[in-house]
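S.K.: Encoded as structure tokens, here's the structure I'll be asking about.
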Amino acid sequence: QLPNILSCRRHIFYDAVLTKHFRMVKDYEIDFNASMRVMELDGQLYPLSPGQIVFRKPGQVVDSRGTSDIYMLTLDYSHTIFPPPEVLHATSHRTDIRHTRTTLQPSSDNELLQLLPTVFEPRHSMELLALYQQLASAFVQPGHEAEAQALLSELLHLLAADALAYRRTSRTPSAVDRAIAYLNEHYARNITLDELAQHVHQNK
């Protein structure tokens, strides 16, 4: 059974001062990222690039810094939550259901949710972007519920295929990967070459 769509919309926001705005994730969020930015999720930093899929679960704590251009998809796998009209037709991200809900959605054992990485590069990035755009349009139009459900089904199936392919081809991080991750996690400190070399067990 397909989940309920709680919101599907494009969100564009420019944070010139990189202010931190942490929030608790209440529902399942599967976003298409269309900008360069940094996400902090449960204390871990994720540098994001256009075309990546970002997945968050209820109970996680998230903050995003930098320019945000995102197609946001929020889902209810408990089939007990429905967006009120003022959220359905919201024009500001602050009135989106992500910022108005107060209770935590129960966790689900849906196979797709177990399969999705937190951040990954899908093989069908452009096809997924087109589906997000069509779904965002259909979701807010009265009488287009069947179309929205059909688009959601297609989108989730494509996400599952791409997530499975990503997991099958994912490799052990190289020394360069580990060095980049270390720099991203400790970017606020003055990191020396000696420290970085020691962390990745390589000659500097």
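Chain identifiers are assigned as A, B, and so on, following the order in which chains appear in the structure tokens; residues are numbered from 1 within each chain, and ligands are numbered from 1 in order of appearance.
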If DSSP is run on the backbone, what residues of segment 7-137 of chain A are helix (DSSP H, G or I)? A reply as a PyMOL selection string would be ideal.
M.R.: chain A and resi 85-88+93-95+97-100+111-115+125-137
S.K.: Quick one: pick out all strand (DSSP E) residues within segment 1-201 of chain A from a backbone DSSP run and write them as a ChimeraX atom specification.
M.R.: /A:4-13,23-24,28-33,37-41,44-48,53-56,61-65,68-76,119-120
S.K.: Quick one: residues within 6 Å of Pro58 of chain A, only C-alpha atoms, excluding same-chain residues fewer than 6 positions away - as a list in words?
M.R.: Val25, Lys26 and Asp27 of chain A
S.K.: Residues at most 10 Å from segment 96-106 of chain A, counting only C-alpha atoms, excluding those fewer than 5 positions away in the same chain, as a PyMOL selection string?
M.R.: chain A and resi 6-9+11+23-29+57-59+72+74-84+86-91
